[in-house]
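Raw model.cif, mmCIF, C-alpha atoms:
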data_final
loop_
_atom_site.label_atom_id
_atom_site.label_comp_id
_atom_site.auth_asym_id
_atom_site.auth_seq_id
_atom_site.Cartn_x
_atom_site.Cartn_y
_atom_site.Cartn_z
CA MET A 1 4.45 -1.02 -27.24
CA VAL A 2 3.91 0.83 -24.02
CA THR A 3 4.82 4.47 -24.34
CA ALA A 4 5.88 6.43 -21.30
CA VAL A 5 2.86 8.69 -21.09
CA THR A 6 0.90 7.53 -18.07
CA ASN A 7 3.69 6.49 -15.72
CA TRP A 8 4.54 8.76 -12.80
CA GLY A 9 7.94 10.11 -13.76
CA ARG A 10 8.10 9.60 -17.56
CA SER A 11 11.10 7.33 -17.10
CA GLY A 12 11.39 3.85 -15.69
CA LEU A 13 14.46 4.67 -13.63
CA HIS A 14 12.78 7.74 -12.17
CA ASP A 15 9.73 5.66 -11.23
CA TRP A 16 11.98 3.00 -9.73
CA LEU A 17 13.66 5.57 -7.49
CA ILE A 18 10.41 7.32 -6.48
CA GLN A 19 8.89 3.93 -5.66
CA ARG A 20 11.73 3.29 -3.22
CA PHE A 21 11.81 6.75 -1.65
CA THR A 22 8.07 6.65 -1.04
CA ALA A 23 8.35 3.07 0.23
CA ILE A 24 10.84 4.18 2.88
CA VAL A 25 8.59 7.09 3.93
CA LEU A 26 5.57 4.77 4.15
CA ALA A 27 7.48 2.08 6.06
CA ALA A 28 8.75 4.68 8.54
CA TYR A 29 5.26 6.16 8.98
CA THR A 30 3.66 2.72 9.45
CA LEU A 31 6.26 1.55 11.95
CA PHE A 32 6.08 4.84 13.85
CA LEU A 33 2.28 4.63 14.19
CA VAL A 34 2.43 0.96 15.21
CA GLY A 35 5.11 1.84 17.78
CA PHE A 36 3.05 4.75 19.12
CA ILE A 37 -0.06 2.58 19.49
CA ILE A 38 1.91 -0.21 21.17
CA CYS A 39 3.45 2.32 23.60
CA HIS A 40 -0.03 3.62 24.51
CA PRO A 41 -2.07 0.49 25.30
CA ASN A 42 -5.07 2.45 26.61
CA LEU A 43 -4.93 5.20 24.04
CA THR A 44 -7.04 8.23 24.88
CA TYR A 45 -8.41 10.86 22.53
CA ALA A 46 -6.21 13.47 24.19
CA GLU A 47 -2.99 11.49 23.51
CA TRP A 48 -4.05 10.64 19.95
CA SER A 49 -5.21 14.13 18.92
CA GLY A 50 -2.20 15.57 20.76
CA LEU A 51 0.10 13.56 18.48
CA PHE A 52 -1.68 14.74 15.34
CA GLY A 53 -1.79 18.29 16.68
CA THR A 54 1.98 18.68 16.42
CA LEU A 55 3.34 20.31 13.30
CA TRP A 56 5.93 17.60 12.62
CA MET A 57 3.26 14.86 12.74
CA ARG A 58 1.06 16.84 10.34
CA VAL A 59 3.97 17.24 7.93
CA PHE A 60 4.91 13.55 8.35
CA SER A 61 1.27 12.54 7.70
CA LEU A 62 0.98 14.71 4.60
CA LEU A 63 4.29 13.35 3.32
CA ALA A 64 2.95 9.81 3.87
CA LEU A 65 -0.29 10.67 2.07
CA VAL A 66 1.48 12.12 -0.97
CA SER A 67 3.86 9.14 -0.92
CA THR A 68 0.85 6.80 -0.92
CA VAL A 69 -0.55 8.50 -4.01
CA ALA A 70 2.76 8.35 -5.91
CA HIS A 71 3.58 4.81 -4.73
CA GLY A 72 0.08 3.62 -5.66
CA TRP A 73 0.31 5.31 -9.06
CA ILE A 74 3.57 3.58 -9.95
CA GLY A 75 2.30 0.26 -8.59
CA LEU A 76 -1.04 0.43 -10.36
CA TRP A 77 0.62 1.51 -13.61
CA GLY A 78 2.88 -1.54 -13.41
CA VAL A 79 -0.02 -3.88 -12.77
CA LEU A 80 -2.25 -2.35 -15.47
CA THR A 81 0.41 -2.33 -18.17
CA ASP A 82 1.22 -5.97 -17.36
CA TYR A 83 -2.28 -7.42 -17.29
CA ILE A 84 -4.61 -5.04 -19.14
CA THR A 85 -2.83 -5.46 -22.46
CA THR A 86 -4.03 -5.94 -26.01
CA ARG A 87 -3.01 -9.60 -25.76
CA MET A 88 -4.96 -10.13 -22.54
CA VAL A 89 -8.14 -8.15 -23.17
CA GLY A 90 -8.08 -7.18 -26.86
CA GLY A 91 -8.31 -3.84 -28.63
CA SER A 92 -9.91 -1.95 -25.75
CA ALA A 93 -6.83 -2.38 -23.53
CA LEU A 94 -5.58 1.19 -23.90
CA PHE A 95 -9.06 2.60 -23.24
CA LEU A 96 -9.47 0.39 -20.15
CA ARG A 97 -6.04 1.37 -18.79
CA MET A 98 -6.70 5.05 -19.36
CA THR A 99 -10.09 4.78 -17.66
CA ALA A 100 -8.59 2.96 -14.70
CA MET A 101 -5.83 5.57 -14.35
CA LEU A 102 -8.38 8.38 -14.60
CA ILE A 103 -10.48 6.83 -11.83
CA TYR A 104 -7.31 6.43 -9.78
CA VAL A 105 -6.43 10.12 -10.26
CA LEU A 106 -9.91 11.13 -9.08
CA ILE A 107 -9.55 8.89 -6.01
CA CYS A 108 -6.09 10.34 -5.32
CA VAL A 109 -7.30 13.93 -5.47
CA THR A 110 -10.07 12.97 -3.06
CA PHE A 111 -7.57 11.23 -0.76
CA VAL A 112 -5.26 14.24 -0.65
CA VAL A 113 -7.96 16.89 -0.15
CA TRP A 114 -9.75 14.77 2.44
CA GLY A 115 -6.51 13.81 4.16
CA VAL A 116 -5.43 17.45 4.43
CA GLU A 117 -8.85 18.23 5.89
CA ILE A 118 -8.48 15.44 8.47
CA ILE A 119 -4.94 16.40 9.41
CA TRP A 120 -5.27 20.20 9.33
CA GLY A 121 -8.94 20.37 10.30
CA LEU A 122 -7.98 19.64 13.90
CA SER A 123 -8.50 22.60 16.15
CA MET B 1 6.00 -5.01 -34.91
CA LYS B 2 4.43 -8.25 -36.09
CA ASP B 3 0.97 -8.90 -34.68
CA LYS B 4 1.22 -12.67 -34.76
CA ARG B 5 4.32 -13.19 -32.72
CA PRO B 6 4.24 -16.60 -31.00
CA VAL B 7 3.29 -16.40 -27.34
CA ASN B 8 4.27 -19.42 -25.30
CA LEU B 9 3.77 -18.12 -21.83
CA ASP B 10 0.37 -19.36 -20.70
CA LEU B 11 0.46 -18.49 -17.01
CA SER B 12 -2.25 -21.00 -16.14
CA THR B 13 0.02 -23.87 -17.17
CA VAL B 14 3.08 -22.61 -15.34
CA LYS B 15 3.97 -23.94 -11.92
CA PHE B 16 4.78 -20.89 -9.81
CA PRO B 17 8.02 -21.06 -7.81
CA ILE B 18 7.96 -19.49 -4.34
CA THR B 19 9.59 -16.30 -5.62
CA ALA B 20 6.78 -15.86 -8.18
CA ILE B 21 4.16 -16.42 -5.48
CA ALA B 22 5.92 -13.81 -3.34
CA SER B 23 5.86 -11.38 -6.26
CA ILE B 24 2.22 -11.83 -7.28
CA THR B 25 1.08 -11.63 -3.64
CA HIS B 26 3.02 -8.38 -3.32
CA ARG B 27 1.06 -7.01 -6.26
CA VAL B 28 -2.30 -8.31 -5.03
CA SER B 29 -1.70 -6.89 -1.55
CA GLY B 30 -0.76 -3.56 -3.13
CA VAL B 31 -4.01 -3.37 -5.09
CA ILE B 32 -5.96 -4.35 -1.94
CA LEU B 33 -4.18 -1.54 -0.07
CA LEU B 34 -5.37 1.05 -2.61
CA ALA B 35 -8.86 0.30 -1.29
CA GLY B 36 -7.53 -0.22 2.22
CA VAL B 37 -6.24 3.36 2.35
CA LEU B 38 -9.86 4.48 2.03
CA LEU B 39 -10.80 2.50 5.14
CA LEU B 40 -7.75 3.73 7.06
CA LEU B 41 -8.62 7.34 6.18
CA VAL B 42 -12.21 6.84 7.38
CA MET B 43 -10.81 5.48 10.66
CA LEU B 44 -8.31 8.34 10.98
CA ASP B 45 -11.11 10.83 10.32
CA MET B 46 -13.31 9.25 13.00
CA SER B 47 -10.44 9.01 15.48
CA LEU B 48 -9.54 12.70 15.13
CA SER B 49 -12.87 14.48 14.47
CA SER B 50 -14.02 14.64 18.08
CA GLU B 51 -13.88 12.81 21.38
CA ASP B 52 -17.33 11.36 20.61
CA SER B 53 -16.39 9.95 17.22
CA PHE B 54 -13.18 8.57 18.80
CA ALA B 55 -15.33 6.67 21.32
CA GLU B 56 -17.67 5.64 18.51
CA LEU B 57 -14.74 4.14 16.59
CA GLN B 58 -13.58 2.30 19.71
CA GLN B 59 -17.11 0.95 20.13
CA LEU B 60 -17.23 -0.08 16.47
CA MET B 61 -13.86 -1.83 16.73
CA SER B 62 -15.19 -4.18 19.40
CA ALA B 63 -17.37 -5.89 16.77
CA VAL B 64 -16.00 -9.09 15.24
CA TRP B 65 -16.77 -8.09 11.63
CA ALA B 66 -14.94 -4.78 12.10
CA LYS B 67 -11.91 -6.57 13.56
CA LEU B 68 -11.92 -9.01 10.63
CA ILE B 69 -11.99 -6.23 8.02
CA VAL B 70 -9.27 -4.21 9.75
CA TRP B 71 -7.22 -7.37 10.23
CA ALA B 72 -7.49 -8.11 6.50
CA VAL B 73 -6.32 -4.61 5.52
CA LEU B 74 -3.51 -4.57 8.10
CA SER B 75 -2.45 -8.07 6.99
CA ALA B 76 -2.17 -6.81 3.42
CA LEU B 77 -0.13 -3.89 4.76
CA ALA B 78 2.12 -6.19 6.83
CA TYR B 79 2.73 -8.48 3.86
CA HIS B 80 3.33 -5.59 1.48
CA LEU B 81 5.77 -4.05 3.97
CA ALA B 82 7.70 -7.31 4.41
CA ALA B 83 7.84 -7.93 0.65
CA GLY B 84 8.88 -4.31 0.08
CA VAL B 85 11.70 -4.49 2.61
CA ARG B 86 12.87 -7.68 0.87
CA HIS B 87 12.99 -5.71 -2.38
CA LEU B 88 15.06 -2.98 -0.74
CA ILE B 89 17.43 -5.58 0.72
CA MET B 90 17.84 -7.13 -2.73
CA ASP B 91 18.42 -3.65 -4.21
CA LEU B 92 21.37 -3.39 -1.82
CA GLY B 93 22.76 -6.52 -3.44
CA PHE B 94 21.85 -9.21 -0.91
CA GLY B 95 20.16 -12.46 -1.89
CA GLU B 96 20.19 -11.88 -5.62
CA SER B 97 21.16 -15.43 -6.60
CA LEU B 98 18.49 -18.04 -7.35
CA GLU B 99 19.03 -19.73 -3.99
CA GLY B 100 19.24 -16.37 -2.22
CA GLY B 101 15.97 -15.32 -3.81
CA ARG B 102 14.25 -18.49 -2.67
CA LEU B 103 15.60 -18.21 0.86
CA GLY B 104 14.66 -14.53 1.00
CA ALA B 105 11.12 -15.30 -0.12
CA LYS B 106 10.79 -17.99 2.56
CA LEU B 107 12.13 -15.66 5.26
CA MET B 108 9.81 -12.90 4.07
CA PHE B 109 6.79 -15.22 4.22
CA ALA B 110 7.79 -16.24 7.76
CA VAL B 111 8.17 -12.61 8.88
CA ALA B 112 4.87 -11.63 7.25
CA LEU B 113 3.00 -14.55 8.86
CA LEU B 114 4.46 -13.60 12.26
CA MET B 115 3.32 -10.00 11.81
CA ILE B 116 -0.16 -11.09 10.67
CA ALA B 117 -0.46 -13.43 13.66
CA GLY B 118 0.74 -10.63 15.95
CA LEU B 119 -1.89 -8.30 14.49
CA GLY B 120 -4.56 -10.91 15.19
CA VAL B 121 -3.42 -11.24 18.81
CA TRP B 122 -3.36 -7.44 19.16
CA LEU B 123 -6.86 -7.00 17.70
CA TRP B 124 -8.42 -9.73 19.87
#
Mind converting the file's structure to C-alpha coordinates?
Amino acid sequence: MVTAVTNWGRSGLHDWLIQRFTAIVLAAYTLFLVGFIICHPNLTYAEWSGLFGTLWMRVFSLLALVSTVAHGWIGLWGVLTDYITTRMVGGSALFLRMTAMLIYVLICVTFVVWGVEIIWGLS
Amino acid sequence: MKDKRPVNLDLSTVKFPITAIASITHRVSGVILLAGVLLLLVMLDMSLSSEDSFAELQQLMSAVWAKLIVWAVLSALAYHLAAGVRHLIMDLGFGESLEGGRLGAKLMFAVALLMIAGLGVWLW
(Lines of atoms letter the chains of each structure in order from A and count residues from 1; the text may use other names and numbers.)
(Lines give C-alpha, C1' and ligand atoms only; values in the text may rest on other atoms or scores of the structure.)
Protein backbone atom coordinates (compact mmCIF):
# COMPACT_ATOMS: atom_id res chain seq x y z
CA MET A 1 0.00 0.00 0.00
CA VAL A 2 1.22 3.44 -0.86
CA THR A 3 1.03 5.76 2.10
CA ALA A 4 0.69 9.49 1.58
CA VAL A 5 4.11 10.48 2.85
CA THR A 6 6.09 11.52 -0.21
CA ASN A 7 3.38 13.15 -2.33
CA TRP A 8 3.30 16.94 -2.56
CA GLY A 9 0.17 17.81 -0.64
CA ARG A 10 -0.47 14.74 1.57
CA SER A 11 -3.80 14.23 -0.16
CA GLY A 12 -4.65 13.06 -3.64
CA LEU A 13 -7.27 15.74 -4.18
CA HIS A 14 -4.87 18.45 -3.05
CA ASP A 15 -2.22 17.15 -5.46
CA TRP A 16 -4.80 16.99 -8.23
CA LEU A 17 -5.70 20.64 -7.72
CA ILE A 18 -2.08 21.85 -7.39
CA GLN A 19 -1.20 19.93 -10.56
CA ARG A 20 -3.86 21.89 -12.44
CA PHE A 21 -3.09 25.30 -10.95
CA THR A 22 0.60 24.90 -11.74
CA ALA A 23 -0.27 23.57 -15.21
CA ILE A 24 -2.21 26.75 -15.97
CA VAL A 25 0.67 28.93 -14.73
CA LEU A 26 3.17 26.96 -16.83
CA ALA A 27 0.96 27.01 -19.94
CA ALA A 28 0.49 30.77 -19.60
CA TYR A 29 4.23 31.33 -19.09
CA THR A 30 5.14 29.11 -22.07
CA LEU A 31 2.62 30.72 -24.40
CA PHE A 32 3.64 34.21 -23.28
CA LEU A 33 7.34 33.53 -23.98
CA VAL A 34 6.55 31.92 -27.35
CA GLY A 35 4.38 34.93 -28.22
CA PHE A 36 7.10 37.37 -27.16
CA ILE A 37 9.73 35.58 -29.26
CA ILE A 38 7.41 35.41 -32.28
CA CYS A 39 6.66 39.16 -31.93
CA HIS A 40 10.41 39.94 -31.88
CA PRO A 41 11.84 38.06 -34.87
CA ASN A 42 15.29 39.67 -34.57
CA LEU A 43 15.45 39.60 -30.81
CA THR A 44 18.20 41.74 -29.33
CA TYR A 45 19.83 41.45 -25.93
CA ALA A 46 18.38 44.82 -24.95
CA GLU A 47 14.78 43.70 -25.68
CA TRP A 48 15.28 40.33 -23.99
CA SER A 49 17.02 41.59 -20.83
CA GLY A 50 14.55 44.50 -20.77
CA LEU A 51 11.68 42.01 -20.51
CA PHE A 52 13.35 40.10 -17.67
CA GLY A 53 14.30 43.37 -15.98
CA THR A 54 10.68 44.22 -15.21
CA LEU A 55 9.37 43.28 -11.79
CA TRP A 56 6.24 41.56 -13.10
CA MET A 57 8.30 39.31 -15.42
CA ARG A 58 10.61 38.38 -12.53
CA VAL A 59 7.61 37.49 -10.37
CA PHE A 60 5.99 35.59 -13.28
CA SER A 61 9.27 33.70 -13.89
CA LEU A 62 9.69 32.79 -10.23
CA LEU A 63 6.06 31.65 -10.09
CA ALA A 64 6.71 29.48 -13.17
CA LEU A 65 9.86 28.05 -11.59
CA VAL A 66 8.13 27.13 -8.32
CA SER A 67 5.21 25.73 -10.35
CA THR A 68 7.68 23.59 -12.32
CA VAL A 69 9.08 22.14 -9.11
CA ALA A 70 5.64 21.33 -7.66
CA HIS A 71 4.24 20.08 -10.98
CA GLY A 72 7.32 17.89 -11.51
CA TRP A 73 7.10 16.55 -7.97
CA ILE A 74 3.49 15.45 -8.36
CA GLY A 75 4.19 14.03 -11.81
CA LEU A 76 7.30 12.15 -10.78
CA TRP A 77 5.59 10.82 -7.66
CA GLY A 78 2.79 9.46 -9.83
CA VAL A 79 5.20 7.80 -12.23
CA LEU A 80 7.42 6.35 -9.47
CA THR A 81 4.57 4.95 -7.41
CA ASP A 82 3.12 3.35 -10.56
CA TYR A 83 6.25 1.73 -11.96
CA ILE A 84 8.82 1.43 -9.16
CA THR A 85 6.67 -0.90 -7.08
CA THR A 86 7.39 -4.06 -5.15
CA ARG A 87 5.69 -6.04 -7.91
CA MET A 88 7.80 -4.43 -10.63
CA VAL A 89 11.23 -4.27 -9.02
CA GLY A 90 11.00 -6.33 -5.82
CA GLY A 91 11.73 -5.50 -2.19
CA SER A 92 13.95 -2.50 -2.88
CA ALA A 93 11.08 -0.51 -4.44
CA LEU A 94 10.55 1.79 -1.47
CA PHE A 95 14.28 2.47 -1.17
CA LEU A 96 14.55 3.20 -4.90
CA ARG A 97 11.53 5.55 -4.82
CA MET A 98 12.87 7.39 -1.79
CA THR A 99 16.28 7.75 -3.41
CA ALA A 100 14.75 9.05 -6.63
CA MET A 101 12.62 11.57 -4.72
CA LEU A 102 15.64 12.69 -2.70
CA ILE A 103 17.65 13.27 -5.88
CA TYR A 104 14.68 15.17 -7.30
CA VAL A 105 14.52 17.39 -4.19
CA LEU A 106 18.23 18.19 -4.53
CA ILE A 107 17.73 19.06 -8.22
CA CYS A 108 14.72 21.22 -7.33
CA VAL A 109 16.60 23.19 -4.69
CA THR A 110 19.35 23.75 -7.26
CA PHE A 111 16.79 24.83 -9.87
CA VAL A 112 15.15 27.34 -7.55
CA VAL A 113 18.37 28.87 -6.17
CA TRP A 114 19.94 29.01 -9.62
CA GLY A 115 16.76 30.32 -11.21
CA VAL A 116 16.47 33.10 -8.64
CA GLU A 117 20.10 33.97 -9.34
CA ILE A 118 19.44 34.12 -13.09
CA ILE A 119 16.27 36.17 -12.73
CA TRP A 120 17.35 38.51 -9.91
CA GLY A 121 21.06 38.57 -10.74
CA LEU A 122 20.33 40.93 -13.63
CA SER A 123 21.65 44.38 -13.02
CA MET B 1 -3.07 -7.88 2.38
CA LYS B 2 -2.31 -11.17 0.67
CA ASP B 3 1.07 -11.28 -1.05
CA LYS B 4 0.06 -13.74 -3.74
CA ARG B 5 -2.87 -11.93 -5.24
CA PRO B 6 -3.31 -12.91 -8.91
CA VAL B 7 -1.98 -10.30 -11.31
CA ASN B 8 -3.34 -10.57 -14.82
CA LEU B 9 -2.25 -7.28 -16.25
CA ASP B 10 0.93 -7.97 -18.20
CA LEU B 11 1.38 -4.69 -20.04
CA SER B 12 3.60 -6.24 -22.70
CA THR B 13 0.71 -8.39 -23.92
CA VAL B 14 -1.84 -5.59 -23.97
CA LYS B 15 -2.63 -3.77 -27.18
CA PHE B 16 -2.60 -0.08 -26.31
CA PRO B 17 -5.60 1.95 -27.51
CA ILE B 18 -4.88 5.50 -28.70
CA THR B 19 -5.96 6.97 -25.36
CA ALA B 20 -3.38 4.80 -23.55
CA ILE B 21 -0.67 5.86 -26.00
CA ALA B 22 -1.65 9.49 -25.38
CA SER B 23 -1.39 8.92 -21.63
CA ILE B 24 1.96 7.12 -21.57
CA THR B 25 3.48 9.67 -23.98
CA HIS B 26 2.27 12.43 -21.65
CA ARG B 27 4.17 10.75 -18.83
CA VAL B 28 7.30 10.11 -20.89
CA SER B 29 7.34 13.71 -22.15
CA GLY B 30 6.95 14.91 -18.56
CA VAL B 31 9.96 12.92 -17.37
CA ILE B 32 11.97 14.19 -20.37
CA LEU B 33 10.98 17.74 -19.42
CA LEU B 34 12.42 17.32 -15.91
CA ALA B 35 15.79 17.07 -17.64
CA GLY B 36 14.74 19.58 -20.28
CA VAL B 37 14.22 22.27 -17.63
CA LEU B 38 17.94 22.01 -16.90
CA LEU B 39 18.77 22.80 -20.53
CA LEU B 40 16.23 25.64 -20.67
CA LEU B 41 17.72 27.16 -17.49
CA VAL B 42 21.23 26.96 -18.97
CA MET B 43 19.92 28.78 -22.07
CA LEU B 44 18.09 31.38 -19.98
CA ASP B 45 21.25 31.94 -17.94
CA MET B 46 23.34 32.41 -21.09
CA SER B 47 20.74 34.67 -22.70
CA LEU B 48 20.58 37.00 -19.68
CA SER B 49 24.11 36.97 -18.21
CA SER B 50 25.62 39.47 -20.62
CA GLU B 51 25.44 40.73 -24.18
CA ASP B 52 28.44 38.52 -25.01
CA SER B 53 26.90 35.31 -23.67
CA PHE B 54 23.65 36.24 -25.49
CA ALA B 55 25.61 36.40 -28.76
CA GLU B 56 27.40 33.19 -27.82
CA LEU B 57 24.06 31.42 -27.37
CA GLN B 58 22.87 32.75 -30.74
CA GLN B 59 26.08 31.44 -32.30
CA LEU B 60 25.63 28.07 -30.60
CA MET B 61 22.02 27.83 -31.77
CA SER B 62 23.10 27.98 -35.41
CA ALA B 63 24.62 24.50 -35.08
CA VAL B 64 22.49 21.59 -36.28
CA TRP B 65 23.09 19.43 -33.17
CA ALA B 66 22.02 22.31 -30.91
CA LYS B 67 18.85 22.85 -32.95
CA LEU B 68 18.08 19.11 -32.77
CA ILE B 69 18.45 18.99 -28.97
CA VAL B 70 16.38 22.14 -28.43
CA TRP B 71 13.79 20.86 -30.91
CA ALA B 72 13.54 17.60 -28.95
CA VAL B 73 13.00 19.40 -25.63
CA LEU B 74 10.53 21.90 -27.11
CA SER B 75 8.68 19.03 -28.83
CA ALA B 76 8.31 17.29 -25.47
CA LEU B 77 7.04 20.60 -24.07
CA ALA B 78 4.59 21.08 -26.96
CA TYR B 79 3.25 17.55 -26.60
CA HIS B 80 3.00 17.82 -22.81
CA LEU B 81 1.18 21.15 -23.17
CA ALA B 82 -1.31 19.75 -25.69
CA ALA B 83 -1.94 16.63 -23.60
CA GLY B 84 -2.28 18.77 -20.47
CA VAL B 85 -4.82 21.09 -22.08
CA ARG B 86 -6.77 18.00 -23.14
CA HIS B 87 -6.81 16.92 -19.50
CA LEU B 88 -8.12 20.32 -18.42
CA ILE B 89 -10.81 20.20 -21.12
CA MET B 90 -11.86 16.75 -19.89
CA ASP B 91 -11.87 18.06 -16.30
CA LEU B 92 -14.46 20.58 -17.47
CA GLY B 93 -16.60 17.65 -18.56
CA PHE B 94 -16.01 17.57 -22.32
CA GLY B 95 -15.11 14.39 -24.18
CA GLU B 96 -15.39 12.04 -21.24
CA SER B 97 -17.16 9.22 -23.10
CA LEU B 98 -15.15 6.43 -24.73
CA GLU B 99 -15.69 7.90 -28.19
CA GLY B 100 -15.03 11.42 -26.90
CA GLY B 101 -11.80 10.25 -25.33
CA ARG B 102 -10.64 8.67 -28.57
CA LEU B 103 -11.56 11.71 -30.63
CA GLY B 104 -9.89 14.02 -28.11
CA ALA B 105 -6.70 11.95 -28.21
CA LYS B 106 -6.66 12.11 -32.02
CA LEU B 107 -7.23 15.87 -32.02
CA MET B 108 -4.53 16.31 -29.38
CA PHE B 109 -2.04 14.29 -31.44
CA ALA B 110 -2.87 16.42 -34.49
CA VAL B 111 -2.40 19.67 -32.56
CA ALA B 112 0.85 18.43 -31.01
CA LEU B 113 2.25 17.33 -34.39
CA LEU B 114 1.35 20.73 -35.87
CA MET B 115 3.14 22.50 -33.02
CA ILE B 116 6.20 20.24 -33.34
CA ALA B 117 6.32 20.84 -37.10
CA GLY B 118 5.94 24.59 -36.49
CA LEU B 119 8.83 24.49 -34.01
CA GLY B 120 10.98 22.74 -36.63
CA VAL B 121 10.16 25.42 -39.22
CA TRP B 122 10.89 28.15 -36.66
CA LEU B 123 14.25 26.64 -35.64
CA TRP B 124 15.43 26.13 -39.24
When the cut-off is 10 Å and we count all atoms listed in the file, which residues of chain A are near chain B, given as JSON, numbers by chain? {"A": [1, 20, 23, 24, 26, 27, 30, 31, 38, 44, 45, 46, 48, 49, 50, 52, 53, 65, 68, 69, 71, 72, 73, 75, 76, 78, 79, 87, 104, 107, 108, 110, 111, 114, 115, 117, 118, 119, 121, 122, 123]}
Mind checking which residues fall within 12 Å of Ile21 (chain B), counting all atoms listed in the file, ignoring those fewer than 3 positions away in the same chain, and posting them as a VMD selection string? chain B and resid 14 to 18 24 to 29 83 101 to 102 105 to 106 108 to 109
All file atoms of region 108-120 of chain B boxed axis-aligned, 8 Å per side, centre plus edges, as lines of an AutoDock Vina configuration file:
center_x = 2.6
center_y = -12.3
center_z = 10.0
size_x = 30.4
size_y = 23.9
size_z = 27.9
Sel. within 6 Å of pt (-2.6, 17.0, 8.9), counting only C-alpha atoms, output as a list of chain:residue names: A:Arg58, A:Val116, A:Ile119, A:Trp120
Non-local contacts of region 89-102 of chain A (8 Å; all atoms listed in the file; under 5 positions in same chain excluded) as a PDB file with C-alpha atoms, in the coordinates of the input:
ATOM      1  CA  THR A   6       0.900   7.530 -18.070  1.00  0.00           C
ATOM      2  CA  TRP A  77       0.620   1.510 -13.610  1.00  0.00           C
ATOM      3  CA  LEU A  80      -2.250  -2.350 -15.470  1.00  0.00           C
ATOM      4  CA  THR A  81       0.410  -2.330 -18.170  1.00  0.00           C
ATOM      5  CA  ILE A  84      -4.610  -5.040 -19.140  1.00  0.00           C
TER       6      ILE A  84
END
Suppose a student applies the PyMOL selection byres ((chain B and resi 74) around 10) to this structure; what residues should they get, written as a ChimeraX atom specification? /B:33,36,40,68-73,75-80,115-116,119-120
CA of Val25 (chain A) to CA of Leu13 (chain A): how many Å, to one decimal?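 Interatomic distance, CA of Val25 (chain A) to CA of Leu13 (chain A): 18.7 Å.
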Have a look at CA of Met43 (chain B) and CA of Leu33 (chain A) and let me know their distance in Å, one decimal. 13.6 Å
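The space between CA of Glu96 (chain B) and CA of Ala112 (chain B) spans 20.0 Å.
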Could you name the residues that touch Lys67 (chain B) at 8 Å or less, counting all atoms listed in the file, but leaving out those on the same chain fewer than 5 positions away, as JSON, numbers by chain? {"B": [61, 62, 123, 124]}
